[in-house]
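First comes the structure, then the notes that go with it.
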Amino acid sequence: MNVEAEVRFAFTYSKLATFVGEQRSPSSLFFFFFFFCLSIISDSQKIGGKRTQTDSGSRSSSSSILQDDQEGFSPTSSNALVLVQNPPIVSSYNERIRPMLDAIDKLRNLMVMEEGIQLPTIVVVGDQSSGKSSVLESLAGISLPRGWGICTRVPLIMRLQHHSDPEPELSLEYNGRVEHIDEDNISEDIVNATNLIAGDCKGISDTPLTLLVKKNGVPDLTMVDLPGITRVPVRGQPLNIADQIKDMIMKYIKPDESIILNVLSASTDFSTCESISMSRSVDKTGERTLAVVTKVDMAPEGLLEKVTADDVHIGLGYVCVRNRIRDETYEEARTIEDRLFESDPFLSKIDKSVVGIQVLADKLVQIQAASIARNLPDIVKKINDKLNSYLSELNKMPKKLSSVAEAMTAVMQIIGTSKESLKKILVRGEFDEFSDEKHMHCTARLVEMLNKCSDQLHECNESDPKSNFLKEEIAILEEAKGITLPNFVPHNASLIVLQGKVRGILSIPIGFVEQVWSYIEDVVLSVLIRNTENYYHVQLSARRAGHNLIEKMKERSINWMAEIVEMEKLTDYTCNPEYISEWHRLMTEQETFIKKVLHDYLILGPNAKININVEGIGMVEVGGLRKYPHVLLSQAFDLKMRMTAYWNVVLRRLIGIMALHLQLSVSNLVNKDVEIEIMNELLGPSHGGGIERMLEEPPSIAVKREKLIKSIKKLKESKEVVCKIMDDRFTHADYLV
């Protein structure tokens with residue numbers, strides 16, 4: 001398939017996607033492809049005829065140049081044009097390729113590459129002094145900066161356009177400005193523009209400089225010339241200049257859309273060239289690399305073998321050229337080049353299809369056209385995808401507020417959304433908004449904290465009935481005794497035991513309250529921050545309000561818990577019937593236990609260690625109890641079992657009350673407290689004015705909005721560029737369908 005067919009196929013592919021999206025009928029698609037195939041056949045015949053004619057035209061033009069050379073060159077001669085008057089590239093491809101190349105150049109000027117959309121680009125690379133400038137001069141018919149060291153210090157985008165006007169038009173574009181220049185001073189103007197971009201020193205810059213050359217006879221090409229590869233910095237250059245240049249080159253040649261024009265000096269060993277090494281690192285098969293061998297007149301011997309052996313895998317082939325030297329005109333250089341490849345004993349053996357500037361121009365135009373045709377559908381798709389993505393992102397951003405009423409409405413929406421989210425995760429146990437964030441599955445986490453607190457209460461030393469079995473009770477009974485019946489347990493003794501136990505567990509429920517409210521604070525602030533991320537001033541107020549509210553509720557809960565604990569210390573009371581039944585169960589072994597203690601004392605002696613298994617308590621050590629009388633042991637056992645039965649009631653009561661208090665506090669928080677606190681924060685005297693400040697868009701949001709708007713504008717303009725060229729190409733096909 002020739003280049004023209006590739007171009008048409010690419011357009012058809014993109015247009016077909018549109019047709020399918022519009023759900024066209026199968027018969028419409030059939031007719032579309034039918035006429036498309038007819039147009040390819042017709043165009044192929046036309047192009048073939050044009051190429052035959054232009055080949056003869058090219059030969060006659062060459063004869064005219066030779067005749068001018070013999071008669072003496074005249075600037076006013078009709079043949080005094082760069083390359084040829086009507087080169088084959090211009091006559092064969094200009095009508096169809098120029099619009100596509102213009103479209104790509106417009107996209108480049110729109111800087112669509114900043115949006116991550118790569119464009120087909122011919123990138124010119126080579127070692128320093130490899131002859132890059134000479135090749136580009138011959139293609140463009142202009143003089144570029146020459147000299148020692150790095151002449152190209154910025155990416156030079158050369159846009160060559162053939163036009164019929166014999167008067168050339170040249171301009172430089174950089175940093176948002178356009179300067180029209182004349183051909184005589186072009187080299188100096190490029191140097192001045194480069195200095196403005198990269199500075200007067202010898203460093204480089206990644207900011208591009210665009211050179212537009214509209215000239216009769218030049219090939220329609222757009223190329224990017226990059227600084228030549230250097231190894232040793234000279235005075236005035238950064239020490240890492242070589243790395244800077246390599247990084248710049250890699251940036252341009254790495255995209256798959258780039259065509260690499262590798263300029264090599266004939267005298268060098270291709271396999272050791274740094275530019276070859278770099279191009280092969282990104283184009284291993286060489287399918288997008290074309291090599292230009294310069295200075296062939298300086299090292300003609302062995303060149304044929306080097307370009308035919310292709311040891312470095314140049315997939316797009318080689319073109320050998322002679323550099324223009326000294327004060328030769330472009331016409332003189334072209335004539336000398338033709339004679340050289342005809343007469344030199346070594347160079348004349350090289351196939352004429354790979355020698356000369358004209359061949360290079362032909363190849364570049366064809367490669368460029370094929371690359372554009374191949375990549376254009378993907379460019380269209382990427383532009384549409386990026387545009388839709390940015391539009392969606394912009395629509396998701398908050399509306400820019402213009403009045404206090406709008407700001408108040410936004411605040412109420414934020415509060416309403418936050419309250420609903422908090423109800424779902426803190427009250428109803430719904431976590432679909434945070435399915436992947438277990439930390440936000442609040443009801444489950446709160447139950448885990450409550451269960452952990454319960455375990456701590458039941459496992460602490462105060463809840464262990466085996467610890468110092470009866471010893472604490474005996475000590476308290478001896479100090480609480482009075483003039484009363486001898487077998488009666490004093491009430492103050494049971495209170496002393498109870499108060500000691502309650503004091504021992506005080507830190508556990510207080511710690512639970514602090515842990516719970518710290519967790520709830522994290523949850524509340526996460527929800528508020530998420531819902532106010534687009535309103536910086538409201539977010540600050542909401543953060544303060546959330547923190548202040550949680551601190552108040554935490555303090556209230558701690559005070560309430562301390563009060564509950566004090567209530568438990570005040571008296572031992574319960575109406576729970578389980579207390580009586582549990583006490584009776586534990587008291588069934590009282591007499592058995594006392595008899596074992598006293599009986600073993602008489603048999604084993606006062607120093608023996610005795611362990612007894614007590615029902616409901618477990619194995620206890622009773623060796624130290626033998627010295628106490630039966631009445632005291634009986635009172636102590638009774639007191640122990642009363643407190644054991646009652647302590648279970650106390651712990652269950654504490655846990656139940658903590659759970660209910662937690663539920664009530666969370667309900668109040670999400671239903672009314674959070675809204676009141678946020679509104680007070682926004683409207684109150686200390687941090688008031690938050691509503692008015694909402695009218696001032698935060699810098700981060702403003703920058704993001706402006707960036708999205710610019711990108712959308714750029715992509716819309718880019719879409720218009722590509723759609724126009726596609727519509728122009730298929731107007732006839734659309735009409736038929």
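A note on labels: chains of the structure tokens are A, B, ... as shown, every chain counts residues from 1, and ligands are counted from 1 in their shown order.
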
Any idea what's packed within 12 Å of A:Trp560, counting only C-alpha atoms, ignoring anything in its chain fewer than 4 positions away? Could you give it as a VMD selection string? chain A and resid 509 to 510 513 553 to 556 564 to 567 654 657 to 658 661 to 662 665

Which of stretch 94-145 of chain A DSSP labels strand (DSSP E), written as a PyMOL selection string: chain A and resi 121-126

I need the residues from that last selection saved to file as a PDB file, in the first residue's frame (with N, CA and C atoms), if you can.
```pdb
ATOM      1  N   THR A 121       6.792  13.204  14.477  1.00  0.00           N
ATOM      2  CA  THR A 121       7.851  14.217  14.441  1.00  0.00           C
ATOM      3  C   THR A 121       9.113  13.615  13.862  1.00  0.00           C
ATOM      4  N   ILE A 122       9.731  14.340  12.927  1.00  0.00           N
ATOM      5  CA  ILE A 122      11.062  13.953  12.445  1.00  0.00           C
ATOM      6  C   ILE A 122      12.079  14.638  13.349  1.00  0.00           C
ATOM      7  N   VAL A 123      12.844  13.844  14.073  1.00  0.00           N
ATOM      8  CA  VAL A 123      13.810  14.369  15.036  1.00  0.00           C
ATOM      9  C   VAL A 123      15.215  14.172  14.474  1.00  0.00           C
ATOM     10  N   VAL A 124      15.955  15.264  14.340  1.00  0.00           N
ATOM     11  CA  VAL A 124      17.294  15.225  13.752  1.00  0.00           C
ATOM     12  C   VAL A 124      18.318  15.152  14.880  1.00  0.00           C
ATOM     13  N   VAL A 125      19.092  14.070  14.911  1.00  0.00           N
ATOM     14  CA  VAL A 125      20.109  13.885  15.942  1.00  0.00           C
ATOM     15  C   VAL A 125      21.433  13.529  15.288  1.00  0.00           C
ATOM     16  N   GLY A 126      22.496  13.743  16.007  1.00  0.00           N
ATOM     17  CA  GLY A 126      23.827  13.398  15.508  1.00  0.00           C
ATOM     18  C   GLY A 126      24.896  13.919  16.434  1.00  0.00           C
TER      19      GLY A 126
END
```

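Pairwise distance (atom CA of A:Ala475, atom CA of A:Tyr573) equals 23.2 Å.
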
Contacts of A:Lys710 within 12 Å, only C-alpha atoms, excl. fewer than 2 positions in-chain, as an MDAnalysis selection string: chainID A and resid 110:112 114:115 387 390:391 394 703:708 712:717

If you keep N, CA and C atoms, can you produce a file of those selected residues as a PDB file, in the first residue's frame?
```pdb
ATOM      1  N   LEU A 110      -0.328  24.547  19.085  1.00  0.00           N
ATOM      2  CA  LEU A 110      -1.261  24.568  20.212  1.00  0.00           C
ATOM      3  C   LEU A 110      -0.671  23.896  21.445  1.00  0.00           C
ATOM      4  N   MET A 111       0.507  23.288  21.271  1.00  0.00           N
ATOM      5  CA  MET A 111       1.215  22.582  22.352  1.00  0.00           C
ATOM      6  C   MET A 111       0.364  21.462  22.946  1.00  0.00           C
ATOM      7  N   VAL A 112      -0.282  20.710  22.040  1.00  0.00           N
ATOM      8  CA  VAL A 112      -1.104  19.589  22.492  1.00  0.00           C
ATOM      9  C   VAL A 112      -0.252  18.496  23.129  1.00  0.00           C
ATOM     10  N   GLU A 114       1.747  18.900  25.440  1.00  0.00           N
ATOM     11  CA  GLU A 114       1.731  19.129  26.887  1.00  0.00           C
ATOM     12  C   GLU A 114       0.620  18.336  27.566  1.00  0.00           C
ATOM     13  N   GLU A 115      -0.367  17.900  26.791  1.00  0.00           N
ATOM     14  CA  GLU A 115      -1.467  17.104  27.336  1.00  0.00           C
ATOM     15  C   GLU A 115      -1.193  15.612  27.219  1.00  0.00           C
ATOM     16  N   LEU A 387     -10.247  15.293  26.177  1.00  0.00           N
ATOM     17  CA  LEU A 387     -11.238  16.361  26.266  1.00  0.00           C
ATOM     18  C   LEU A 387     -12.415  15.928  27.136  1.00  0.00           C
ATOM     19  N   TYR A 390     -11.293  15.837  30.833  1.00  0.00           N
ATOM     20  CA  TYR A 390     -11.152  17.166  31.437  1.00  0.00           C
ATOM     21  C   TYR A 390     -12.514  17.827  31.650  1.00  0.00           C
ATOM     22  N   LEU A 391     -13.423  17.657  30.693  1.00  0.00           N
ATOM     23  CA  LEU A 391     -14.767  18.223  30.858  1.00  0.00           C
ATOM     24  C   LEU A 391     -15.470  17.597  32.054  1.00  0.00           C
ATOM     25  N   LEU A 394     -13.900  19.003  35.177  1.00  0.00           N
ATOM     26  CA  LEU A 394     -14.329  20.392  35.415  1.00  0.00           C
ATOM     27  C   LEU A 394     -15.764  20.435  35.941  1.00  0.00           C
ATOM     28  N   VAL A 703      -6.218  27.537  40.582  1.00  0.00           N
ATOM     29  CA  VAL A 703      -5.175  27.109  39.641  1.00  0.00           C
ATOM     30  C   VAL A 703      -5.644  25.881  38.856  1.00  0.00           C
ATOM     31  N   LYS A 704      -6.254  24.933  39.565  1.00  0.00           N
ATOM     32  CA  LYS A 704      -6.747  23.721  38.903  1.00  0.00           C
ATOM     33  C   LYS A 704      -7.818  24.059  37.881  1.00  0.00           C
ATOM     34  N   ARG A 705      -8.746  24.945  38.256  1.00  0.00           N
ATOM     35  CA  ARG A 705      -9.826  25.323  37.335  1.00  0.00           C
ATOM     36  C   ARG A 705      -9.256  26.007  36.090  1.00  0.00           C
ATOM     37  N   GLU A 706      -8.329  26.943  36.313  1.00  0.00           N
ATOM     38  CA  GLU A 706      -7.734  27.668  35.184  1.00  0.00           C
ATOM     39  C   GLU A 706      -6.976  26.717  34.262  1.00  0.00           C
ATOM     40  N   LYS A 707      -6.259  25.767  34.869  1.00  0.00           N
ATOM     41  CA  LYS A 707      -5.507  24.805  34.063  1.00  0.00           C
ATOM     42  C   LYS A 707      -6.444  23.933  33.234  1.00  0.00           C
ATOM     43  N   LEU A 708      -7.544  23.483  33.850  1.00  0.00           N
ATOM     44  CA  LEU A 708      -8.508  22.662  33.114  1.00  0.00           C
ATOM     45  C   LEU A 708      -9.146  23.448  31.975  1.00  0.00           C
ATOM     46  N   ILE A 712      -8.876  22.423  28.140  1.00  0.00           N
ATOM     47  CA  ILE A 712     -10.095  22.154  27.370  1.00  0.00           C
ATOM     48  C   ILE A 712     -10.142  23.036  26.124  1.00  0.00           C
ATOM     49  N   LYS A 713      -9.785  24.309  26.270  1.00  0.00           N
ATOM     50  CA  LYS A 713      -9.753  25.213  25.117  1.00  0.00           C
ATOM     51  C   LYS A 713      -8.759  24.707  24.068  1.00  0.00           C
ATOM     52  N   LYS A 714      -7.588  24.294  24.561  1.00  0.00           N
ATOM     53  CA  LYS A 714      -6.552  23.781  23.660  1.00  0.00           C
ATOM     54  C   LYS A 714      -7.033  22.527  22.934  1.00  0.00           C
ATOM     55  N   LEU A 715      -7.669  21.603  23.659  1.00  0.00           N
ATOM     56  CA  LEU A 715      -8.119  20.347  23.059  1.00  0.00           C
ATOM     57  C   LEU A 715      -9.298  20.575  22.118  1.00  0.00           C
ATOM     58  N   LYS A 716     -10.175  21.531  22.438  1.00  0.00           N
ATOM     59  CA  LYS A 716     -11.273  21.839  21.523  1.00  0.00           C
ATOM     60  C   LYS A 716     -10.742  22.396  20.214  1.00  0.00           C
ATOM     61  N   GLU A 717      -9.763  23.287  20.302  1.00  0.00           N
ATOM     62  CA  GLU A 717      -9.152  23.827  19.085  1.00  0.00           C
ATOM     63  C   GLU A 717      -8.446  22.719  18.307  1.00  0.00           C
TER      64      GLU A 717
END
```

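Picture a line from atom CA of A:Val650 to atom CA of A:Cys575; it runs 11.7 Å.
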
I'd like a table as JSON lines: residues in stretch 628-733 of chain A with an atom no more than 12 Å from stretch 491-501 of chain A, each row giving the shortest atom pair and its distance in Å to one decimal, only C-alpha atoms counted, sorted by chain and rising residue number.
```
{"residue": "A:Gln635", "atom": "CA", "partner": "A:Ala493", "partner_atom": "CA", "distance": 10.4}
{"residue": "A:Ala636", "atom": "CA", "partner": "A:Ala493", "partner_atom": "CA", "distance": 9.9}
{"residue": "A:Phe637", "atom": "CA", "partner": "A:Ser494", "partner_atom": "CA", "distance": 11.9}
{"residue": "A:Asp638", "atom": "CA", "partner": "A:Ser494", "partner_atom": "CA", "distance": 10.2}
{"residue": "A:Leu639", "atom": "CA", "partner": "A:Ser494", "partner_atom": "CA", "distance": 6.6}
{"residue": "A:Lys640", "atom": "CA", "partner": "A:Ser494", "partner_atom": "CA", "distance": 8.8}
{"residue": "A:Met641", "atom": "CA", "partner": "A:Ser494", "partner_atom": "CA", "distance": 10.7}
{"residue": "A:Arg642", "atom": "CA", "partner": "A:Ser494", "partner_atom": "CA", "distance": 8.3}
{"residue": "A:Met643", "atom": "CA", "partner": "A:Leu498", "partner_atom": "CA", "distance": 7.1}
{"residue": "A:Thr644", "atom": "CA", "partner": "A:Leu498", "partner_atom": "CA", "distance": 9.9}
{"residue": "A:Ala645", "atom": "CA", "partner": "A:Leu498", "partner_atom": "CA", "distance": 11.7}
{"residue": "A:Tyr646", "atom": "CA", "partner": "A:Leu498", "partner_atom": "CA", "distance": 9.1}
{"residue": "A:Trp647", "atom": "CA", "partner": "A:Leu498", "partner_atom": "CA", "distance": 8.0}
{"residue": "A:Asn648", "atom": "CA", "partner": "A:Lys501", "partner_atom": "CA", "distance": 11.8}
{"residue": "A:Val650", "atom": "CA", "partner": "A:Leu498", "partner_atom": "CA", "distance": 9.8}
{"residue": "A:Leu651", "atom": "CA", "partner": "A:Lys501", "partner_atom": "CA", "distance": 10.8}
```

Output for the residues just chosen: all heavy atoms as a tab-separated table (two decimals), in the first residue's frame:
```tsv
chain	number	residue	atom	x	y	z
A	635	GLN	N	-18.19	-15.32	108.23
A	635	GLN	CA	-18.52	-13.96	107.79
A	635	GLN	C	-17.72	-13.56	106.54
A	635	GLN	O	-18.27	-12.96	105.61
A	635	GLN	CB	-18.23	-12.97	108.92
A	635	GLN	CG	-19.21	-13.02	110.07
A	635	GLN	CD	-18.85	-12.02	111.16
A	635	GLN	OE1	-17.66	-11.83	111.46
A	635	GLN	NE2	-19.87	-11.38	111.73
A	636	ALA	N	-16.45	-13.89	106.53
A	636	ALA	CA	-15.60	-13.54	105.39
A	636	ALA	C	-16.06	-14.25	104.12
A	636	ALA	O	-16.09	-13.66	103.02
A	636	ALA	CB	-14.15	-13.88	105.70
A	637	PHE	N	-16.42	-15.55	104.26
A	637	PHE	CA	-16.90	-16.31	103.10
A	637	PHE	C	-18.19	-15.70	102.57
A	637	PHE	O	-18.38	-15.55	101.35
A	637	PHE	CB	-17.12	-17.77	103.51
A	637	PHE	CG	-17.34	-18.69	102.34
A	637	PHE	CD1	-16.28	-19.32	101.70
A	637	PHE	CD2	-18.63	-18.91	101.85
A	637	PHE	CE1	-16.50	-20.15	100.62
A	637	PHE	CE2	-18.85	-19.74	100.76
A	637	PHE	CZ	-17.78	-20.37	100.14
A	638	ASP	N	-19.10	-15.33	103.48
A	638	ASP	CA	-20.36	-14.71	103.08
A	638	ASP	C	-20.11	-13.39	102.35
A	638	ASP	O	-20.70	-13.11	101.29
A	638	ASP	CB	-21.22	-14.50	104.33
A	638	ASP	CG	-22.62	-14.00	103.98
A	638	ASP	OD1	-22.94	-13.88	102.78
A	638	ASP	OD2	-23.40	-13.72	104.90
A	639	LEU	N	-19.24	-12.56	102.93
A	639	LEU	CA	-18.92	-11.27	102.30
A	639	LEU	C	-18.30	-11.46	100.92
A	639	LEU	O	-18.63	-10.74	99.97
A	639	LEU	CB	-17.98	-10.48	103.21
A	639	LEU	CG	-17.50	-9.11	102.71
A	639	LEU	CD1	-18.70	-8.20	102.44
A	639	LEU	CD2	-16.55	-8.46	103.71
A	640	LYS	N	-17.41	-12.43	100.79
A	640	LYS	CA	-16.75	-12.70	99.51
A	640	LYS	C	-17.77	-13.09	98.45
A	640	LYS	O	-17.73	-12.58	97.31
A	640	LYS	CB	-15.72	-13.82	99.69
A	640	LYS	CG	-14.93	-14.14	98.43
A	640	LYS	CD	-13.95	-13.03	98.13
A	640	LYS	CE	-13.03	-13.37	96.99
A	640	LYS	NZ	-12.07	-12.31	96.70
A	641	MET	N	-18.68	-13.99	98.79
A	641	MET	CA	-19.65	-14.46	97.81
A	641	MET	C	-20.67	-13.38	97.45
A	641	MET	O	-21.13	-13.29	96.31
A	641	MET	CB	-20.35	-15.70	98.34
A	641	MET	CG	-19.39	-16.87	98.56
A	641	MET	SD	-18.29	-17.11	97.13
A	641	MET	CE	-16.97	-18.08	97.84
A	642	ARG	N	-21.05	-12.54	98.43
A	642	ARG	CA	-21.94	-11.43	98.12
A	642	ARG	C	-21.29	-10.48	97.11
A	642	ARG	O	-21.91	-10.04	96.14
A	642	ARG	CB	-22.30	-10.67	99.41
A	642	ARG	CG	-23.26	-11.41	100.33
A	642	ARG	CD	-23.53	-10.58	101.57
A	642	ARG	NE	-24.34	-11.32	102.53
A	642	ARG	CZ	-25.67	-11.36	102.51
A	642	ARG	NH1	-26.32	-10.66	101.59
A	642	ARG	NH2	-26.34	-12.06	103.43
A	643	MET	N	-20.01	-10.12	97.38
A	643	MET	CA	-19.30	-9.20	96.49
A	643	MET	C	-19.04	-9.82	95.12
A	643	MET	O	-19.09	-9.13	94.09
A	643	MET	CB	-17.98	-8.76	97.12
A	643	MET	CG	-18.13	-7.69	98.18
A	643	MET	SD	-18.82	-6.14	97.53
A	643	MET	CE	-20.52	-6.27	98.07
A	644	THR	N	-18.75	-11.13	95.09
A	644	THR	CA	-18.53	-11.81	93.80
A	644	THR	C	-19.80	-11.77	92.96
A	644	THR	O	-19.76	-11.46	91.76
A	644	THR	CB	-18.09	-13.26	94.03
A	644	THR	OG1	-16.86	-13.28	94.77
A	644	THR	CG2	-17.88	-13.98	92.71
A	645	ALA	N	-20.93	-12.09	93.57
A	645	ALA	CA	-22.20	-12.07	92.83
A	645	ALA	C	-22.57	-10.64	92.42
A	645	ALA	O	-23.04	-10.39	91.30
A	645	ALA	CB	-23.31	-12.68	93.68
A	646	TYR	N	-22.36	-9.71	93.33
A	646	TYR	CA	-22.73	-8.32	93.05
A	646	TYR	C	-21.79	-7.69	92.02
A	646	TYR	O	-22.20	-6.86	91.20
A	646	TYR	CB	-22.74	-7.50	94.34
A	646	TYR	CG	-23.17	-6.07	94.14
A	646	TYR	CD1	-24.46	-5.75	93.72
A	646	TYR	CD2	-22.27	-5.02	94.36
A	646	TYR	CE1	-24.86	-4.44	93.54
A	646	TYR	CE2	-22.66	-3.71	94.17
A	646	TYR	CZ	-23.96	-3.43	93.76
A	646	TYR	OH	-24.35	-2.13	93.57
A	647	TRP	N	-20.49	-8.04	92.04
A	647	TRP	CA	-19.51	-7.46	91.12
A	647	TRP	C	-19.85	-7.77	89.66
A	647	TRP	O	-19.67	-6.94	88.78
A	647	TRP	CB	-18.11	-7.94	91.47
A	647	TRP	CG	-17.02	-7.24	90.71
A	647	TRP	CD1	-16.17	-7.77	89.80
A	647	TRP	CD2	-16.69	-5.85	90.80
A	647	TRP	NE1	-15.32	-6.82	89.31
A	647	TRP	CE2	-15.62	-5.62	89.91
A	647	TRP	CE3	-17.20	-4.79	91.56
A	647	TRP	CZ2	-15.04	-4.37	89.77
A	647	TRP	CZ3	-16.61	-3.55	91.39
A	647	TRP	CH2	-15.55	-3.34	90.51
A	648	ASN	N	-20.35	-8.97	89.42
A	648	ASN	CA	-20.77	-9.31	88.06
A	648	ASN	C	-21.90	-8.39	87.60
A	648	ASN	O	-21.96	-7.98	86.44
A	648	ASN	CB	-21.22	-10.77	87.99
A	648	ASN	CG	-20.05	-11.73	88.14
A	648	ASN	OD1	-18.92	-11.41	87.78
A	648	ASN	ND2	-20.32	-12.92	88.68
A	650	VAL	N	-22.38	-5.32	88.72
A	650	VAL	CA	-21.78	-4.00	88.53
A	650	VAL	C	-21.12	-3.89	87.15
A	650	VAL	O	-21.30	-2.90	86.42
A	650	VAL	CB	-20.75	-3.71	89.64
A	650	VAL	CG1	-19.96	-2.44	89.32
A	650	VAL	CG2	-21.45	-3.56	90.99
A	651	LEU	N	-20.34	-4.92	86.78
A	651	LEU	CA	-19.63	-4.87	85.50
A	651	LEU	C	-20.62	-4.85	84.33
A	651	LEU	O	-20.45	-4.08	83.38
A	651	LEU	CB	-18.67	-6.06	85.37
A	651	LEU	CG	-17.50	-6.10	86.36
A	651	LEU	CD1	-16.58	-7.27	86.05
A	651	LEU	CD2	-16.72	-4.80	86.34
```
